[in-house]
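Trainee: Have a look at this one before I ask anything.
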Amino acid sequence: MAPQQPGFDQRVWQAVAAIPSGRLATYGQIAELIGAYGCARQVGWALRRLPLPSDVPWHRVVNAQGRIAMSPSREGSDWIQRELLLAEGIPVDAAGRLPLRQFRWLPPGR
DNA sequence: AGAATGACGCTGA
DNA sequence: TTCAGCGCCATTC
């Protein structure tokens with residue numbers, strides 16, 4: 001896995017790292033933040049390739065539906081995300097839903 | 001090179 | 001509000 005382009009994954013991680021504790025952001029938000037509007041899916045890949053444990057608060061990134069993106073490919077890391085969010089004071093429903101409208105992080109410049 | 005996949009987003013029913 | 005379909009683009013086979 002050559003480093004190909006400096007940037008995309010790293011940019012995503014950097015943007016995610018900018019999310020303050022106790023706040024939430026959507027994939028589309030991160031994509032737009034790094035200048036890749038419409039590439040919300042690629043943000044997902046960047047986080048999927050993210051080695052754990054990591055310094056990146058990837059658990060603060062959820063989908064626009066206000067739910068944790070659960071997938072069989074994650075081997076349960078999605079549930080870890082729920083635990084981490086609960087630890088930050090964000091109430092997460094058993095179905096993975098959370099009050100995104102209330103904890104939505106407003107990126108700088110917007 | 002072409003087709004299938006996916007940690008998404010939006011609109012419509 | 002919940003479910004289904006279509007569009008988006010990079011990665012993978």
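Each chain in the structure tokens gets a letter, A, B and so on, in the order shown; residues start at 1 in every chain, and ligands are counted from 1 in the order they appear.
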I need the alpha helix (DSSP H) residues of chain A per DSSP on the backbone, written as a count of residues only.
Mentor: 41
Trainee: Compute the set of chain A residues within 12 Å of chain C, using only C-alpha atoms (C1' of nucleotides), and express it as a VMD selection string.
Mentor: chain A and resid 1 8 to 9 28 31 36 to 46 48 to 49 65
Trainee: Could you write out that same residue set with all heavy atoms as a compact mmCIF listing (two decimals), in the first residue's frame?
Mentor:
# COMPACT_ATOMS: atom_id res chain seq x y z
N MET A 1 0.79 -1.13 0.00
CA MET A 1 0.00 0.00 0.00
C MET A 1 0.84 1.21 0.00
O MET A 1 1.11 1.82 0.97
CB MET A 1 -0.71 -0.15 1.16
CG MET A 1 -0.75 -1.55 1.33
SD MET A 1 -1.90 -2.21 0.71
CE MET A 1 -2.69 -3.00 1.25
N PHE A 8 -5.14 12.34 1.12
CA PHE A 8 -6.58 12.17 1.35
C PHE A 8 -6.87 11.60 2.75
O PHE A 8 -7.53 12.24 3.54
CB PHE A 8 -7.17 11.25 0.29
CG PHE A 8 -8.65 11.38 0.28
CD1 PHE A 8 -9.27 12.37 -0.44
CD2 PHE A 8 -9.43 10.53 1.04
CE1 PHE A 8 -10.65 12.50 -0.44
CE2 PHE A 8 -10.80 10.65 1.04
CZ PHE A 8 -11.41 11.64 0.30
N ASP A 9 -6.30 10.45 3.01
CA ASP A 9 -6.54 9.84 4.32
C ASP A 9 -6.10 10.77 5.43
O ASP A 9 -6.78 10.98 6.40
CB ASP A 9 -5.78 8.51 4.41
CG ASP A 9 -6.43 7.48 3.50
OD1 ASP A 9 -7.30 7.87 2.70
OD2 ASP A 9 -6.06 6.32 3.59
N GLY A 28 -20.21 13.69 5.28
CA GLY A 28 -20.31 14.74 4.27
C GLY A 28 -19.66 16.02 4.75
O GLY A 28 -19.06 16.76 3.97
N ALA A 31 -15.98 15.58 4.40
CA ALA A 31 -15.63 15.62 2.97
C ALA A 31 -15.58 17.06 2.47
O ALA A 31 -14.63 17.47 1.80
CB ALA A 31 -16.64 14.80 2.18
N ALA A 36 -13.56 18.01 -0.58
CA ALA A 36 -13.96 16.88 -1.43
C ALA A 36 -15.46 16.68 -1.31
O ALA A 36 -15.92 15.61 -0.91
CB ALA A 36 -13.19 15.64 -1.01
N TYR A 37 -16.21 17.69 -1.66
CA TYR A 37 -17.66 17.61 -1.55
C TYR A 37 -18.21 16.47 -2.41
O TYR A 37 -17.84 16.33 -3.56
CB TYR A 37 -18.26 18.94 -2.00
CG TYR A 37 -19.76 18.91 -2.00
CD1 TYR A 37 -20.47 18.96 -0.80
CD2 TYR A 37 -20.47 18.79 -3.19
CE1 TYR A 37 -21.85 18.92 -0.79
CE2 TYR A 37 -21.85 18.75 -3.20
CZ TYR A 37 -22.53 18.81 -1.99
OH TYR A 37 -23.89 18.77 -1.98
N GLY A 38 -19.06 15.68 -1.84
CA GLY A 38 -19.64 14.57 -2.58
C GLY A 38 -18.86 13.28 -2.37
O GLY A 38 -19.29 12.23 -2.80
N CYS A 39 -17.73 13.37 -1.71
CA CYS A 39 -16.90 12.18 -1.49
C CYS A 39 -17.05 11.65 -0.07
O CYS A 39 -16.09 11.23 0.55
CB CYS A 39 -15.44 12.52 -1.77
SG CYS A 39 -15.15 13.03 -3.46
N ALA A 40 -18.26 11.69 0.41
CA ALA A 40 -18.49 11.23 1.78
C ALA A 40 -18.08 9.78 1.95
O ALA A 40 -17.57 9.37 2.98
CB ALA A 40 -19.96 11.40 2.11
N ARG A 41 -18.27 8.99 0.92
CA ARG A 41 -17.92 7.56 1.00
C ARG A 41 -16.43 7.39 1.19
O ARG A 41 -15.97 6.54 1.92
CB ARG A 41 -18.36 6.87 -0.27
CG ARG A 41 -19.84 6.84 -0.38
CD ARG A 41 -20.25 5.90 -1.47
NE ARG A 41 -21.26 5.03 -0.95
CZ ARG A 41 -22.00 4.24 -1.70
NH1 ARG A 41 -21.82 4.24 -2.98
NH2 ARG A 41 -22.86 3.49 -1.18
N GLN A 42 -15.66 8.18 0.49
CA GLN A 42 -14.22 8.08 0.60
C GLN A 42 -13.76 8.38 2.00
O GLN A 42 -12.78 7.84 2.49
CB GLN A 42 -13.55 9.05 -0.37
CG GLN A 42 -13.46 8.50 -1.78
CD GLN A 42 -14.81 8.14 -2.35
OE1 GLN A 42 -15.61 7.48 -1.72
NE2 GLN A 42 -15.08 8.54 -3.56
N VAL A 43 -14.48 9.26 2.67
CA VAL A 43 -14.17 9.54 4.08
C VAL A 43 -14.33 8.26 4.88
O VAL A 43 -13.53 7.95 5.76
CB VAL A 43 -15.10 10.64 4.63
CG1 VAL A 43 -14.87 10.86 6.11
CG2 VAL A 43 -14.88 11.94 3.85
N GLY A 44 -15.36 7.51 4.55
CA GLY A 44 -15.58 6.25 5.24
C GLY A 44 -14.41 5.31 5.05
O GLY A 44 -13.97 4.63 5.96
N TRP A 45 -13.87 5.29 3.84
CA TRP A 45 -12.72 4.41 3.58
C TRP A 45 -11.51 4.85 4.38
O TRP A 45 -10.77 4.04 4.90
CB TRP A 45 -12.37 4.43 2.09
CG TRP A 45 -12.95 3.23 1.44
CD1 TRP A 45 -12.43 1.96 1.47
CD2 TRP A 45 -14.16 3.16 0.72
NE1 TRP A 45 -13.28 1.12 0.78
CE2 TRP A 45 -14.33 1.82 0.31
CE3 TRP A 45 -15.12 4.09 0.37
CZ2 TRP A 45 -15.43 1.41 -0.43
CZ3 TRP A 45 -16.20 3.67 -0.36
CH2 TRP A 45 -16.35 2.34 -0.76
N ALA A 46 -11.33 6.13 4.46
CA ALA A 46 -10.19 6.66 5.20
C ALA A 46 -10.26 6.21 6.65
O ALA A 46 -9.26 5.83 7.25
CB ALA A 46 -10.18 8.18 5.11
N ARG A 48 -11.90 3.61 7.68
CA ARG A 48 -11.81 2.15 7.73
C ARG A 48 -10.35 1.71 7.75
O ARG A 48 -9.96 0.78 8.41
CB ARG A 48 -12.52 1.56 6.51
CG ARG A 48 -12.51 0.05 6.55
CD ARG A 48 -12.50 -0.51 5.14
NE ARG A 48 -12.29 -1.95 5.20
CZ ARG A 48 -11.07 -2.48 5.25
NH1 ARG A 48 -10.01 -1.72 5.25
NH2 ARG A 48 -10.93 -3.79 5.30
N ARG A 49 -9.52 2.43 7.00
CA ARG A 49 -8.09 2.11 6.93
C ARG A 49 -7.37 2.64 8.15
O ARG A 49 -6.18 2.40 8.31
CB ARG A 49 -7.50 2.75 5.67
CG ARG A 49 -8.18 2.21 4.43
CD ARG A 49 -7.70 2.94 3.19
NE ARG A 49 -6.41 2.44 2.77
CZ ARG A 49 -5.78 2.85 1.68
NH1 ARG A 49 -6.35 3.75 0.91
NH2 ARG A 49 -4.63 2.39 1.36
N GLN A 65 -27.75 10.76 8.87
CA GLN A 65 -29.01 10.29 9.44
C GLN A 65 -28.99 10.35 10.96
O GLN A 65 -29.98 10.06 11.60
CB GLN A 65 -29.27 8.85 9.00
CG GLN A 65 -29.30 8.74 7.49
CD GLN A 65 -29.40 7.28 7.05
OE1 GLN A 65 -29.80 6.43 7.82
NE2 GLN A 65 -29.03 6.99 5.84
Trainee: Residues of chain B within 12 Å of chain A: nearest atom pair and distance (Å, one decimal) for each, counting only C-alpha atoms (C1' of nucleotides), sorted by chain and number, as a tab-separated table?
Mentor:
residue	atom	partner	partner_atom	distance
B:DT5	C1'	A:Arg41	CA	11.5
B:DG6	C1'	A:Arg41	CA	7.3
B:DA7	C1'	A:Gly44	CA	4.9
B:DC8	C1'	A:Arg41	CA	4.9
B:DG9	C1'	A:Ala64	CA	7.2
B:DC10	C1'	A:Ala64	CA	10.1
Trainee: I need the residues of chain A that end up classed as strand (DSSP E) by DSSP on the backbone, written out as an NGL selection string.
Mentor: :A and (25-26 or 61-62)
Trainee: Measure the distance from CA of Trp105 (chain A) to CA of Ser21 (chain A) in Å and round it to one decimal.
Mentor: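 Answer for the CA of Trp105 (chain A) to CA of Ser21 (chain A) separation: 9.7 Å.
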Trainee: Quick one: distance from CA of Ile19 (chain A) to CA of Arg104 (chain A) in Å, one decimal?
Mentor: 10.0 Å
Trainee: Work out how far apart CA of Leu50 (chain A) and CA of Glu32 (chain A) are and give it in Å to one decimal.
Mentor: 19.4 Å
